[in-house]
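Here is the structure we will look at, set down as structure tokens.
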Amino acid sequence: MSGFSFQKLFLLLSLLLLSGELHAQVSSNTIAPTTIAQAIEAELAKSPSDRYLYNHADAFNRVIQLRALRALGIDPPTAIGEATNEILAVPPADTGVTVDATKSSTAEQNETSIAINRANPKIIVAGANDSRMYSSGMPAYVTSDKGKTWSTKFIPIPKTDDLGALFPLPLGDPAIVADDSGYFYYAYLAMDQNYKYNNLIVATSKDGKTWVNGGYIVAPDQVGGFEDKEQIAVDLNPNSPHHGRVYVAWRHLDGQTGEDICKIASSDDRGKTWSSIVDVFPGTTLFSSLRTGKNGEVILTYSVPTSSSGEGDHVLALSKDGGKHFGVKAVRNFNDYPINAYGRDGLKGDSSFRAYPYISQDVELTTDKIHLVYGSYETLDNVNYAAILYYVSSTDLGKTWTAPLPVGLANPAHSTLAVDRFNPWVSVNQRTGEAFVTYYSSEDDSDENVLVAMYRQKLTATMKEYPTMIGDRVFDPRLVKQKGSAPFLGDYIGSDAFDTVFVAAWTENRKGGSDGDVFVYISTPKPSGSTVNVVDEPTVVHSSAIWLAPPSPNPASGGSISVRFYIPRPSVVTLELVSIDGSIVKKIAGEYRETGSYSESMPVTGLTSGTYILRIRTPYDNAMQTVIISR
């Protein structure tokens with residue numbers, strides 16, 4: 001670490017985490033923010049197309065920041081490796097430990113994706129944009145016991161492609177699916193060593209721990225422009241003529257012409273080789289949602305702006321020949337979200353966090369029924385109110401659709417235009433036929449309309465099901481800062497459903513901090529005679545701080561309470577129950593624990609009725625929750 005101060009290291013890591021906070025206060029012996037800003041401007045001045053890509057693609061925004069750091073004589077991947085080793089005393093190669101490499105309030109993870117292993121539903125894999133991806137590879141947050149414990153593994157850094165140009169820099173935008181034979185597929189972007197060209201890769205794994213990269217999707221003679229925001233699907237129907245085929249769809253940005261093109265490619269050998277690329281829709285397209293149908297149809301939905309005033313169409317593209325040709329038609333139109341102070345679509349005021357009225361869908365394979373949720377923005381008498389989601393379905397592959405039904409308004413108390421609902425993700429359980437949507441909602445914020453929580457609602461013909469808050473807290477998304485200092489939760493969340501398991505993943509900030517962490521919710525059916533779910537609460541899979549869940553049950557009248565917690569680095573952990581006079585009345589003595597999520601049973605027998613404090617302590621941090629004993 002000679003010649004490289006910790007102050008510089010922290011600033012570097014903040015930038016690499018995509019925060020873009022170029023005006024943060026730093027000491028006089030660090031790299032001046034104006035110097036970094038000038039370096040970024042110098043990079044953008046090299047090519048008009050770079051500025052266009054910088055403003056339209058999050059991944060390219062990261063590229064420019066990396067180029068700027070390199071121009072200042074800093075090698076980001078090497079620096080991050082040193083940071084992981086130096087600050088936390090954890091070898092970078094030890095991929096079985098989940099850590100926050102920055103120990104910084106600006107460290108974020110976002111754009112989550114998650115999948116359940118079809119051969120063993122106890123194995124679940126989530127992914128996200130993560131600071132360590134530049135040096136260690138894309139992260140895979142893995143559980144082999146249905147969410148009780150988690151570890152972090154890293155996909156190997158990509159190798160040389162046919163151009164002879166190295167792609168050593170994983171660039172993010174993770175998308176994960178699972179097939180029906182026990183394989184996970186993890187799609188992501190990678191950049192060459194000169195930060196000039198990027199490509200797409202799909203890695204595979206059977207256990208979520210050991211990963212193998214496939215071949216590059218874009219062929220050597222097609223490299224150019226910028227690939228962005230890919231999504232992935234696999235044909236799960238054994239009776240389909242394309243059973244097992246893997247599809248990846250993405251948007252290709254041409255910085256010279258300013259045109260976006262929706263593209264797709266497929267693989268029949270688990271991502272080792274890829275078909276020729278098909279242009280689905282030439283024009284400005286936004287984030288896509290990709291699924292397959294009963295007879296091998298490829299169903300691709302995306303959003304297309306149609307006017308400068310903020311309107312657009314949510315569009316469905318359908319292929320009946322395995323992704324070779326597509327027919328395109330509009331599904332529903334939308335009103336775009338207001339422009340925030342950062343010049344991007346956003347919510348909740350002038351300095352709002354980023355969001356966009358994206359579309360999401362999944363297909364019931366036995367009937368070819370498409371369940372689709374799309375975003376829009378409510379206006380009344382030319383007054384903007386809030387983001388809203390609508391549910392429609394189709395049983396004829398998109399020819400006709402049911403009348404739109406609002407998502408999340410089953411509770412009359414929340415039926416107001418002041419409530420924002422956004423970032424939907426739809427999943428169908430092919431074993432049961434049930435369809436669910438998860439989304440962010442502000443309906444629990446009765447005052448300033450700036451707080452949101454994660455919700456799930458079952459998709460039905462009436463939408464009268466009561467939405468369920470699947471997070472255990474309401475948080476302020478404006479604290480999760482990302483691109484260009486604009487608060488950013490990510491452009492998508494993820495969910496999956498199989499057999500008896502439903503999972504959802506999202507980003508939220510921790511209390512007292514501004515960083516975004518990865519949360520996972522796991523739900524299984526109620527056992528016979530039971531009134532509670534086996535697992536029905538969110539679990540932290542990556543956090544920069546200790547996390548302690550509210551104990552259950554609470555109030556407690558029995559002999560014990562269930563305690564769930566997460567520690568961000570290996571340490572000795574002590575659990576204590578403290579009375580209001582400060583006395584420790586129950587204690588689980590300090591035990592050494594590796595990084596991860598845990599569940600403990602703490603006895604409360606012999607305690608009188610009253611209020612107590614549940615406290616978790618480590619040598620570096622602590623957290624508390626209130627417990628009520630009711631006899």
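Letters A, B, ... go to the chains of the structure tokens in the order shown; residues in each chain start at 1; ligands are counted from 1 in the same order.
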Show me a table, sorted first by chain and then by increasing residue number, of the residues of region 48-76 of chain A having an atom at most 12 Å from region 282-301 of chain A, each with its shortest atom pair and the distance in Å to one decimal, counting only C-alpha atoms and written as a tab-separated table.
```
residue	atom	partner	partner_atom	distance
A:His56	CA	A:Leu286	CA	9.9
A:Ala57	CA	A:Leu286	CA	10.2
A:Asp58	CA	A:Phe287	CA	11.9
```
Excluding same-chain residues fewer than 3 positions from Asp621 (chain A), what lies within 10 Å of it counting only C-alpha atoms, as a list in words?
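Residues meeting the cut-off are Ala545, Ile546, Ile567, Pro568, Val573, Ile616, Arg617 and Thr618 of chain A.
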Find, counting only C-alpha atoms, the residue in A:Ser319, A:Thr273, A:Ser609, A:Asn429 that gets nearest to Leu397 (chain A).
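Nearest candidate to Leu397 (chain A) out of A:Ser319, A:Thr273, A:Ser609, A:Asn429: A:Ser319.
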Write out as a PyMOL selection string which residues come within 9 Å of region 460-471 of chain A when counting only C-alpha atoms, dropping same-chain ones fewer than 3 positions away.
chain A and resi 391-393+402+405-411+434-436+438+441+453-457+474+504+519-521+536-539
Would you kindly return, as a list in words, each protein, DNA or RNA residue with an atom no farther than 7 Å from any atom of Asn199 (chain A), considering only C-alpha atoms and excluding same-chain residues fewer than 2 positions away?
Leu189, Ala190, Met191, Tyr197, Ile201, Tyr216, Ile217, Val218 and Glu227 of chain A
Preceding selection exported with all heavy atoms as a PDB file, in the first residue's frame:
```pdb
ATOM      1  N   LEU A 189     -22.560  -8.110 -17.767  1.00  0.00           N
ATOM      2  CA  LEU A 189     -21.759  -7.378 -18.736  1.00  0.00           C
ATOM      3  C   LEU A 189     -20.284  -7.426 -18.350  1.00  0.00           C
ATOM      4  O   LEU A 189     -19.942  -7.519 -17.169  1.00  0.00           O
ATOM      5  CB  LEU A 189     -22.202  -5.909 -18.799  1.00  0.00           C
ATOM      6  CG  LEU A 189     -23.664  -5.625 -19.102  1.00  0.00           C
ATOM      7  CD1 LEU A 189     -23.928  -4.123 -19.041  1.00  0.00           C
ATOM      8  CD2 LEU A 189     -24.071  -6.179 -20.448  1.00  0.00           C
ATOM      9  N   ALA A 190     -19.408  -7.354 -19.354  1.00  0.00           N
ATOM     10  CA  ALA A 190     -17.967  -7.279 -19.106  1.00  0.00           C
ATOM     11  C   ALA A 190     -17.345  -6.287 -20.067  1.00  0.00           C
ATOM     12  O   ALA A 190     -17.825  -6.095 -21.187  1.00  0.00           O
ATOM     13  CB  ALA A 190     -17.316  -8.653 -19.256  1.00  0.00           C
ATOM     14  N   MET A 191     -16.240  -5.671 -19.628  1.00  0.00           N
ATOM     15  CA  MET A 191     -15.585  -4.621 -20.409  1.00  0.00           C
ATOM     16  C   MET A 191     -14.147  -5.016 -20.715  1.00  0.00           C
ATOM     17  O   MET A 191     -13.501  -5.689 -19.901  1.00  0.00           O
ATOM     18  CB  MET A 191     -15.585  -3.311 -19.605  1.00  0.00           C
ATOM     19  CG  MET A 191     -15.295  -2.078 -20.431  1.00  0.00           C
ATOM     20  SD  MET A 191     -16.759  -1.582 -21.368  1.00  0.00           S
ATOM     21  CE  MET A 191     -16.084  -0.342 -22.461  1.00  0.00           C
ATOM     22  N   TYR A 197     -14.589  -1.606 -25.497  1.00  0.00           N
ATOM     23  CA  TYR A 197     -15.681  -2.461 -25.948  1.00  0.00           C
ATOM     24  C   TYR A 197     -16.241  -3.252 -24.759  1.00  0.00           C
ATOM     25  O   TYR A 197     -15.521  -3.603 -23.832  1.00  0.00           O
ATOM     26  CB  TYR A 197     -15.195  -3.451 -27.008  1.00  0.00           C
ATOM     27  CG  TYR A 197     -14.624  -2.799 -28.234  1.00  0.00           C
ATOM     28  CD1 TYR A 197     -13.284  -2.932 -28.559  1.00  0.00           C
ATOM     29  CD2 TYR A 197     -15.433  -2.034 -29.076  1.00  0.00           C
ATOM     30  CE1 TYR A 197     -12.753  -2.336 -29.682  1.00  0.00           C
ATOM     31  CE2 TYR A 197     -14.908  -1.436 -30.200  1.00  0.00           C
ATOM     32  CZ  TYR A 197     -13.569  -1.582 -30.508  1.00  0.00           C
ATOM     33  OH  TYR A 197     -13.063  -0.980 -31.620  1.00  0.00           O
ATOM     34  N   ILE A 201     -21.926 -12.070 -21.110  1.00  0.00           N
ATOM     35  CA  ILE A 201     -21.497 -13.424 -20.766  1.00  0.00           C
ATOM     36  C   ILE A 201     -22.579 -14.061 -19.899  1.00  0.00           C
ATOM     37  O   ILE A 201     -23.262 -13.377 -19.130  1.00  0.00           O
ATOM     38  CB  ILE A 201     -20.172 -13.407 -19.990  1.00  0.00           C
ATOM     39  CG1 ILE A 201     -19.065 -12.792 -20.833  1.00  0.00           C
ATOM     40  CG2 ILE A 201     -19.760 -14.801 -19.541  1.00  0.00           C
ATOM     41  CD1 ILE A 201     -17.759 -12.655 -20.106  1.00  0.00           C
ATOM     42  N   TYR A 216     -18.658 -15.480 -25.212  1.00  0.00           N
ATOM     43  CA  TYR A 216     -19.196 -14.136 -25.381  1.00  0.00           C
ATOM     44  C   TYR A 216     -20.350 -14.154 -26.376  1.00  0.00           C
ATOM     45  O   TYR A 216     -20.309 -14.839 -27.396  1.00  0.00           O
ATOM     46  CB  TYR A 216     -18.104 -13.183 -25.863  1.00  0.00           C
ATOM     47  CG  TYR A 216     -17.081 -12.890 -24.784  1.00  0.00           C
ATOM     48  CD1 TYR A 216     -15.915 -13.633 -24.691  1.00  0.00           C
ATOM     49  CD2 TYR A 216     -17.312 -11.899 -23.844  1.00  0.00           C
ATOM     50  CE1 TYR A 216     -14.987 -13.382 -23.695  1.00  0.00           C
ATOM     51  CE2 TYR A 216     -16.395 -11.642 -22.844  1.00  0.00           C
ATOM     52  CZ  TYR A 216     -15.235 -12.390 -22.774  1.00  0.00           C
ATOM     53  OH  TYR A 216     -14.319 -12.136 -21.776  1.00  0.00           O
ATOM     54  N   ILE A 217     -21.390 -13.388 -26.069  1.00  0.00           N
ATOM     55  CA  ILE A 217     -22.598 -13.408 -26.893  1.00  0.00           C
ATOM     56  C   ILE A 217     -22.409 -12.622 -28.183  1.00  0.00           C
ATOM     57  O   ILE A 217     -22.862 -13.027 -29.252  1.00  0.00           O
ATOM     58  CB  ILE A 217     -23.798 -12.873 -26.083  1.00  0.00           C
ATOM     59  CG1 ILE A 217     -24.108 -13.837 -24.923  1.00  0.00           C
ATOM     60  CG2 ILE A 217     -25.016 -12.689 -26.975  1.00  0.00           C
ATOM     61  CD1 ILE A 217     -25.253 -13.397 -24.036  1.00  0.00           C
ATOM     62  N   VAL A 218     -21.740 -11.476 -28.097  1.00  0.00           N
ATOM     63  CA  VAL A 218     -21.539 -10.648 -29.280  1.00  0.00           C
ATOM     64  C   VAL A 218     -20.314 -11.151 -30.044  1.00  0.00           C
ATOM     65  O   VAL A 218     -19.218 -11.252 -29.482  1.00  0.00           O
ATOM     66  CB  VAL A 218     -21.353  -9.168 -28.901  1.00  0.00           C
ATOM     67  CG1 VAL A 218     -21.166  -8.318 -30.147  1.00  0.00           C
ATOM     68  CG2 VAL A 218     -22.561  -8.678 -28.101  1.00  0.00           C
ATOM     69  N   GLU A 227     -23.511  -2.487 -25.141  1.00  0.00           N
ATOM     70  CA  GLU A 227     -24.577  -3.411 -24.748  1.00  0.00           C
ATOM     71  C   GLU A 227     -24.991  -3.084 -23.314  1.00  0.00           C
ATOM     72  O   GLU A 227     -24.135  -2.831 -22.455  1.00  0.00           O
ATOM     73  CB  GLU A 227     -24.113  -4.860 -24.855  1.00  0.00           C
ATOM     74  CG  GLU A 227     -23.189  -5.169 -26.033  1.00  0.00           C
ATOM     75  CD  GLU A 227     -23.748  -4.756 -27.370  1.00  0.00           C
ATOM     76  OE1 GLU A 227     -24.978  -4.720 -27.519  1.00  0.00           O
ATOM     77  OE2 GLU A 227     -22.948  -4.463 -28.286  1.00  0.00           O
TER      78      GLU A 227
END
```
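The protein and nucleic acid residues lying at most 9 Å from Ala418 (chain A) are Tyr385, Ala386, Ala387, Ser442, Glu443 and Asn449 of chain A, with only C-alpha atoms considered and sequence neighbours fewer than 6 positions away removed.
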Same residues, N, CA, C and O atoms, saved as a PDB file, in the first residue's frame:
```
ATOM      1  N   TYR A 385     -49.589  13.225  -9.786  1.00  0.00           N
ATOM      2  CA  TYR A 385     -49.842  12.709  -8.446  1.00  0.00           C
ATOM      3  C   TYR A 385     -48.803  11.672  -8.031  1.00  0.00           C
ATOM      4  O   TYR A 385     -47.990  11.915  -7.157  1.00  0.00           O
ATOM      5  N   ALA A 386     -48.804  10.506  -8.644  1.00  0.00           N
ATOM      6  CA  ALA A 386     -47.898   9.454  -8.178  1.00  0.00           C
ATOM      7  C   ALA A 386     -47.770   8.356  -9.214  1.00  0.00           C
ATOM      8  O   ALA A 386     -48.590   8.227 -10.130  1.00  0.00           O
ATOM      9  N   ALA A 387     -46.712   7.543  -9.047  1.00  0.00           N
ATOM     10  CA  ALA A 387     -46.511   6.363  -9.887  1.00  0.00           C
ATOM     11  C   ALA A 387     -47.542   5.307  -9.511  1.00  0.00           C
ATOM     12  O   ALA A 387     -47.914   5.168  -8.346  1.00  0.00           O
ATOM     13  N   SER A 442     -45.166   3.338  -1.313  1.00  0.00           N
ATOM     14  CA  SER A 442     -45.063   4.338  -0.244  1.00  0.00           C
ATOM     15  C   SER A 442     -46.326   4.410   0.604  1.00  0.00           C
ATOM     16  O   SER A 442     -46.524   5.379   1.319  1.00  0.00           O
ATOM     17  N   GLU A 443     -47.158   3.376   0.549  1.00  0.00           N
ATOM     18  CA  GLU A 443     -48.460   3.490   1.204  1.00  0.00           C
ATOM     19  C   GLU A 443     -48.382   3.551   2.728  1.00  0.00           C
ATOM     20  O   GLU A 443     -49.362   3.920   3.377  1.00  0.00           O
ATOM     21  N   ASN A 449     -44.594  11.416   2.262  1.00  0.00           N
ATOM     22  CA  ASN A 449     -44.623  10.619   1.037  1.00  0.00           C
ATOM     23  C   ASN A 449     -43.220  10.466   0.440  1.00  0.00           C
ATOM     24  O   ASN A 449     -43.001  10.619  -0.759  1.00  0.00           O
TER      25      ASN A 449
END
```
Nearest to Ala42 (chain A): which of A:Ser560, A:Asn333, A:Gln65, A:Ser275 is it, counting only C-alpha atoms?
A:Gln65
Just checking: using only C-alpha atoms, which residue out of A:Pro603, A:Pro170, A:Gly215, A:Pro338 ends up closest to Arg62 (chain A)?
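Of all the options, A:Pro170 lies closest to Arg62 (chain A).
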Just asking: which residues within region 123-218 of chain A are alpha helix (DSSP H) according to DSSP, as an MDAnalysis selection string?
chainID A and resid 133:136
Using only C-alpha atoms, the residue out of A:Val278, A:Gly127, A:Cys262, A:Asp235 with shortest distance to Gly208 (chain A) is A:Gly127
Give me the residues within 8 Å of Glu594 (chain A) as a list in words, counting only C-alpha atoms and dropping any in the same chain fewer than 4 places off.
Val97, Ile567, Arg569, Pro570 and Ser571 of chain A
Go ahead and save the picked residues with N, CA, C and O atoms, as a PDB file, in the first residue's frame.
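Saved to again_3.pdb:
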```
ATOM      1  N   VAL A  97     -16.754 -15.612   2.253  1.00  0.00           N
ATOM      2  CA  VAL A  97     -17.050 -14.617   3.277  1.00  0.00           C
ATOM      3  C   VAL A  97     -17.714 -13.411   2.634  1.00  0.00           C
ATOM      4  O   VAL A  97     -17.220 -12.878   1.644  1.00  0.00           O
ATOM      5  N   ILE A 567     -24.286 -10.427  10.520  1.00  0.00           N
ATOM      6  CA  ILE A 567     -23.040  -9.740  10.843  1.00  0.00           C
ATOM      7  C   ILE A 567     -22.213  -9.601   9.571  1.00  0.00           C
ATOM      8  O   ILE A 567     -22.103 -10.539   8.786  1.00  0.00           O
ATOM      9  N   ARG A 569     -18.948  -9.093   9.100  1.00  0.00           N
ATOM     10  CA  ARG A 569     -17.612  -9.697   9.049  1.00  0.00           C
ATOM     11  C   ARG A 569     -17.445 -10.647  10.226  1.00  0.00           C
ATOM     12  O   ARG A 569     -18.134 -10.528  11.247  1.00  0.00           O
ATOM     13  N   PRO A 570     -16.538 -11.627  10.096  1.00  0.00           N
ATOM     14  CA  PRO A 570     -16.373 -12.633  11.154  1.00  0.00           C
ATOM     15  C   PRO A 570     -16.023 -11.975  12.489  1.00  0.00           C
ATOM     16  O   PRO A 570     -15.173 -11.090  12.553  1.00  0.00           O
ATOM     17  N   SER A 571     -16.685 -12.428  13.557  1.00  0.00           N
ATOM     18  CA  SER A 571     -16.417 -11.844  14.871  1.00  0.00           C
ATOM     19  C   SER A 571     -17.111 -12.663  15.953  1.00  0.00           C
ATOM     20  O   SER A 571     -17.897 -13.574  15.669  1.00  0.00           O
TER      21      SER A 571
END
```
Identify which of the residues A:Tyr54, A:Trp401, A:Tyr141, A:Tyr592 lies closest to Val540 (chain A), counting only C-alpha atoms when measuring atom-to-atom distances.
A:Tyr141
Atom pair CA of Phe226 (chain A) / CA of Asn198 (chain A): separation (Å):
6.4 Å
Compile the contact shell of Ser557 (chain A) as a PyMOL selection string: residues with an atom at most 12 Å away, counting only C-alpha atoms, same-chain residues fewer than 2 positions apart removed.
chain A and resi 552-555+559-561+603-610+627-631
Nearest residue to Tyr183 (chain A) from the set A:Ala140, A:Val480, A:Ala115, A:Ala403 (distances using only C-alpha atoms):
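Looking at the shortest contact to Tyr183 (chain A), the residue is A:Ala115.
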